[in-house]
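query-v5.txt (compact mmCIF, C-alpha atoms)
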# COMPACT_ATOMS: atom_id res chain seq x y z
CA MET A 835 0.00 0.00 0.00
CA GLY A 836 1.39 3.48 -0.34
CA ASP A 837 2.15 6.24 2.05
CA PRO A 838 -1.15 7.98 2.86
CA ARG A 839 0.46 11.43 3.01
CA ARG A 840 0.04 13.80 0.09
CA PHE A 841 3.38 15.43 -0.62
CA ARG A 842 3.14 18.98 -1.89
CA LYS A 843 5.72 21.46 -3.03
CA LYS A 844 6.58 23.98 -0.35
CA TYR A 845 7.99 26.46 -2.83
CA GLU A 846 7.06 28.31 -5.99
CA ASN A 847 9.28 28.83 -8.99
CA PRO A 848 10.06 32.34 -10.20
CA PHE A 849 8.21 33.83 -13.16
CA LYS A 850 11.42 34.09 -15.19
CA PRO A 851 13.61 31.18 -14.09
CA TRP A 852 16.31 31.86 -16.71
CA ASP A 853 16.72 35.55 -16.01
CA ARG A 854 20.46 36.28 -15.84
CA GLU A 855 20.28 38.68 -12.89
CA LEU A 856 18.07 36.29 -10.93
CA LEU A 857 20.47 33.40 -11.55
CA TYR A 858 23.46 35.44 -10.34
CA GLU A 859 21.58 36.67 -7.30
CA ASP A 860 20.51 33.10 -6.46
CA LEU A 861 24.07 31.77 -6.72
CA LYS A 862 25.34 34.61 -4.56
CA LEU A 863 22.77 33.90 -1.83
CA ILE A 864 23.38 30.14 -2.00
CA GLY A 865 27.10 30.67 -1.48
CA GLU A 866 26.72 33.35 1.19
CA TYR A 867 24.29 31.34 3.32
CA GLY A 868 25.59 27.84 2.53
CA LEU A 869 22.34 26.53 1.09
CA LYS A 870 22.21 23.01 -0.32
CA ASN A 871 20.32 23.90 -3.48
CA LYS A 872 17.97 26.44 -4.99
CA ARG A 873 14.98 24.65 -3.53
CA GLU A 874 15.94 25.91 -0.07
CA LEU A 875 16.17 29.43 -1.44
CA ARG A 876 12.82 29.13 -3.21
CA ARG A 877 11.19 27.86 -0.01
CA VAL A 878 12.32 30.94 1.93
CA ALA A 879 11.27 33.21 -0.96
CA THR A 880 7.81 31.62 -0.91
CA ILE A 881 7.48 32.20 2.83
CA LEU A 882 8.42 35.85 2.30
CA ARG A 883 5.98 36.16 -0.60
CA LYS A 884 3.15 34.88 1.61
CA ILE A 885 4.06 37.30 4.42
CA ARG A 886 4.04 40.22 1.99
CA ASP A 887 0.74 39.00 0.54
CA VAL A 888 -0.90 39.14 3.97
CA ALA A 889 0.43 42.68 4.41
CA ARG A 890 -0.85 43.79 0.99
CA ARG A 891 -4.28 42.23 1.46
CA SER A 892 -4.70 44.02 4.77
CA PHE A 893 -4.87 47.37 2.94
CA GLY A 894 -8.23 46.45 1.43
CA LEU A 895 -9.87 45.50 4.72
CA PRO A 896 -11.97 47.66 7.05
CA GLU A 897 -9.91 49.62 9.59
CA ASP A 898 -10.63 47.48 12.69
CA GLU A 899 -9.89 44.20 10.89
CA ARG A 900 -6.79 45.75 9.33
CA ARG A 901 -5.39 46.80 12.70
CA LYS A 902 -5.94 43.33 14.12
CA ILE A 903 -4.28 41.51 11.20
CA VAL A 904 -1.37 43.97 11.02
CA ALA A 905 -0.78 43.69 14.79
CA GLU A 906 -0.75 39.88 14.58
CA LEU A 907 1.62 39.91 11.60
CA LEU A 908 4.02 42.40 13.21
CA ASN A 909 3.98 40.44 16.48
CA LYS A 910 4.74 37.20 14.63
CA LEU A 911 7.62 38.78 12.72
CA TYR A 912 8.99 40.32 15.92
CA LYS A 913 8.98 36.93 17.65
CA MET A 914 10.71 35.42 14.62
CA GLY A 915 13.39 38.06 14.99
CA VAL A 916 12.90 39.52 11.52
CA LEU A 917 11.55 42.95 12.57
CA ASP A 918 11.97 45.31 15.50
CA LYS A 919 9.24 46.01 18.05
CA ASP A 920 8.36 49.42 16.58
CA ALA A 921 8.11 48.22 12.96
CA THR A 922 5.31 49.24 10.63
CA ILE A 923 3.52 47.55 7.77
CA ASP A 924 5.86 49.36 5.36
CA ASP A 925 8.78 47.55 6.97
CA VAL A 926 7.07 44.24 6.21
CA LEU A 927 6.85 45.18 2.54
CA LYS A 928 10.56 46.11 2.53
CA LEU A 929 11.69 42.70 3.80
CA GLU A 930 14.10 40.73 1.64
CA VAL A 931 15.01 37.05 1.41
CA LYS A 932 18.27 37.83 3.24
CA ASP A 933 16.31 38.91 6.32
CA LEU A 934 14.71 35.48 6.60
CA LEU A 935 17.92 33.61 5.71
CA GLU A 936 19.61 35.30 8.69
CA ARG A 937 17.14 33.55 11.03
CA ARG A 938 18.06 30.00 9.96
CA LEU A 939 19.87 27.80 12.47
CA GLN A 940 22.80 27.24 10.12
CA THR A 941 23.42 30.98 9.79
CA LEU A 942 23.04 31.67 13.51
CA VAL A 943 25.53 28.91 14.41
CA TYR A 944 28.08 30.49 12.09
CA ARG A 945 27.36 34.05 13.29
CA LYS A 946 27.80 32.98 16.93
CA GLY A 947 31.28 31.65 16.12
CA LEU A 948 30.54 27.99 16.81
CA ALA A 949 31.74 26.98 13.33
CA LYS A 950 34.63 27.91 11.05
CA SER A 951 32.48 28.52 7.99
CA ILE A 952 28.86 28.54 6.95
CA TYR A 953 29.33 25.08 5.43
CA HIS A 954 30.91 23.81 8.63
CA ALA A 955 27.89 25.15 10.52
CA ARG A 956 25.59 23.12 8.27
CA GLN A 957 27.67 19.98 8.86
CA MET A 958 27.58 20.52 12.64
CA VAL A 959 23.79 20.90 12.61
CA VAL A 960 23.16 17.88 10.38
CA HIS A 961 25.50 15.69 12.45
CA ARG A 962 23.60 16.61 15.64
CA HIS A 963 26.33 18.64 17.36
CA ILE A 964 24.05 21.63 17.98
CA MET A 965 21.31 22.07 20.57
CA VAL A 966 18.65 24.74 20.91
CA GLY A 967 17.68 24.86 24.54
CA ASP A 968 17.57 21.27 25.75
CA ARG A 969 16.80 19.58 22.42
CA ILE A 970 19.04 18.57 19.54
CA VAL A 971 18.07 20.18 16.25
CA ASP A 972 19.39 18.57 13.07
CA ARG A 973 17.64 20.80 10.51
CA PRO A 974 19.85 23.60 9.19
CA SER A 975 16.79 25.32 7.73
CA ALA A 976 15.00 25.59 11.09
CA PHE A 977 13.91 29.14 11.83
CA ILE A 978 15.05 30.21 15.27
CA SER A 979 12.92 32.68 17.20
CA ARG A 980 14.29 35.72 18.98
CA GLU A 981 13.92 34.08 22.40
CA ASP A 982 15.66 30.84 21.34
CA GLU A 983 18.61 32.59 19.72
CA ASP A 984 20.55 32.79 23.00
CA LYS A 985 19.90 29.11 23.71
CA ILE A 986 21.96 27.82 20.76
CA ARG A 987 24.87 25.77 22.06
CA ILE A 988 27.02 22.75 21.34
CA ASN A 989 25.71 19.37 22.42
CA PRO A 990 27.59 18.33 25.61
CA ASN A 991 27.94 14.78 24.22
CA SER A 992 29.59 16.08 21.06
CA PRO A 993 33.36 15.92 20.53
CA TYR A 994 33.17 19.66 19.82
CA ALA A 995 32.21 20.26 23.46
CA ASP A 996 35.80 19.49 24.51
CA PRO A 997 37.70 22.81 24.83
CA ASN A 998 40.87 21.05 23.63
CA HIS A 999 39.25 20.01 20.35
CA PRO A 1000 41.33 21.19 17.35
CA ILE A 1001 38.44 23.20 15.97
CA TRP A 1002 38.54 25.64 18.89
CA ARG A 1003 42.24 26.30 18.40
CA GLU A 1004 41.61 27.02 14.71
CA VAL A 1005 38.65 29.29 15.45
CA THR A 1006 40.52 31.25 18.14
CA GLU A 1007 43.63 31.54 15.94
CA TYR A 1008 41.46 32.78 13.08
CA VAL A 1009 39.65 35.33 15.26
CA GLU A 1010 42.82 36.53 17.00
CA GLY A 1011 44.74 36.65 13.72
CA GLY A 1012 41.94 38.62 12.05
CA GLU A 1013 41.77 41.15 14.87
CA SER A 1014 45.53 41.73 14.96
CA THR A 1015 45.68 42.36 11.20
CA GLU A 1016 42.89 44.92 11.47
CA GLU A 1017 44.73 46.77 14.25
CA GLU A 1018 47.99 46.81 12.29
CA GLY A 1019 46.36 47.92 9.01

structure tokens encoding of this file:
Amino acid sequence: MGDPRRFRKKYENPFKPWDRELLYEDLKLIGEYGLKNKRELRRVATILRKIRDVARRSFGLPEDERRKIVAELLNKLYKMGVLDKDATIDDVLKLEVKDLLERRLQTLVYRKGLAKSIYHARQMVVHRHIMVGDRIVDRPSAFISREDEDKIRINPNSPYADPNHPIWREVTEYVEGGESTEEEG
């Protein structure tokens, strides 16, 4: 018998998939954020498109309904860590794909300095070396909320948890070497 689930695409393709500028921009984002393929980028772009769609549709609603929907949307985006507390609906329309890509677990692990590169951060997440709070998360594409951002840490059972692990010497040498060259130059 088959699997009873109905698999559906979680992304939409662009209107002009062979547009030169779009292709270059996609490759740049894939390299900058260490994405596996364009499907991951398209998934985030679709999420952003739906958020913007909610914001645009709110303009046609009566004032009391509009305030309620806008307040819910802004509160959701604040909790996600995408917008500030005093953001407006115009800020929602100005969001870019980069803003959502910054909230992925893979990016946050790299930005916190737990990995040497963005690709190393992905490997650490997939191989279950990273915890968020008290649970292991092995999805690099997981969106991390503002309150969970400080709870990202290395799994205590991981070899990376040892302070004498070679990775920590490389990371500290890289950071110290980078700071000393900036001071000299």

Using all atoms listed in the file, can you tell me which of A:Gly836, A:Arg877, A:Asp898, A:Ala995 comes closest to A:Ala976?
A:Arg877

Using all atoms listed in the file, give me every residue within 9 Å of (19.1, 16.7, 12.4) in file coordinates, as a ChimeraX atom specification.
/A:959-964,970-974

Please measure the separation of atom CA of A:Arg945 and atom CA of A:Arg980, giving the value in Å to one decimal.
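Here the two named atoms are 14.4 Å from each other.
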
Please provide as a list in words all residues within 12 Å of A:Pro851, with the sequence filter that same-chain residues fewer than 6 positions apart are discarded (counting only C-alpha atoms).
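Everything that qualifies: Leu857, Tyr858, Glu859, Asp860, Lys872 and Arg876 of chain A.
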
For atom CA of A:Pro993 and atom CA of A:Val966, the interatomic separation in Å (one decimal):
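A separation of 17.2 Å between them.
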
Interatomic distance between atom CA of A:Gly894 and atom CA of A:Leu908?
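Here the two named atoms are 17.5 Å from each other.
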
Contacts of A:Lys902 at 12 Å or less, counting only C-alpha atoms, minus same-chain residues fewer than 5 places along, as a ChimeraX atom specification?
/A:889,892-893,895-897,907-909

With distances taken over all atoms listed in the file, which of A:Ile885, A:Ile986, A:Ala879, A:Ile1001 is nearest to A:Lys932?
A:Ala879

Box for stretch 856-869 of chain A: with edges along x, y and z, all listed atoms inside and 6 Å added on each side, what are the centre and edge lengths in Å to one decimal, as AutoDock Vina command-line options?
--center_x 22.6 --center_y 31.6 --center_z -4.1 --size_x 21.0 --size_y 22.1 --size_z 26.9

So which residues touch A:Lys928 within 12 Å, counting all atoms listed in the file, skipping near sequence neighbours fewer than 6 positions away, as a list in words?
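Result of the neighbour search: Leu882, Arg883, Ile885, Arg886, Ala889, Arg890, Val916, Leu917, Ala921 and Thr922 of chain A.
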
Distance query stretch 844-846 of chain A at most 9 Å, only C-alpha atoms, self and fewer than 2 positions along chain excluded, as an mmCIF file with C-alpha atoms, in the coordinates of the input:
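Dumped to out.cif:
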data_model
loop_
_atom_site.group_PDB
_atom_site.id
_atom_site.type_symbol
_atom_site.label_atom_id
_atom_site.label_comp_id
_atom_site.auth_asym_id
_atom_site.auth_seq_id
_atom_site.Cartn_x
_atom_site.Cartn_y
_atom_site.Cartn_z
ATOM 1 C CA ARG A 842 3.140 18.980 -1.890
ATOM 2 C CA PRO A 848 10.060 32.340 -10.200
ATOM 3 C CA ARG A 873 14.980 24.650 -3.530
ATOM 4 C CA GLU A 874 15.940 25.910 -0.070
ATOM 5 C CA LEU A 875 16.170 29.430 -1.440
ATOM 6 C CA ARG A 876 12.820 29.130 -3.210
ATOM 7 C CA ARG A 877 11.190 27.860 -0.010
ATOM 8 C CA VAL A 878 12.320 30.940 1.930
ATOM 9 C CA ALA A 879 11.270 33.210 -0.960
ATOM 10 C CA THR A 880 7.810 31.620 -0.910
ATOM 11 C CA ILE A 881 7.480 32.200 2.830
#

Residue among A:Val888, A:Ile988, A:Leu934, A:Leu948 lying closest to A:Met965, counting all atoms listed in the file
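Closest residue, counting all atoms listed in the file: A:Ile988.
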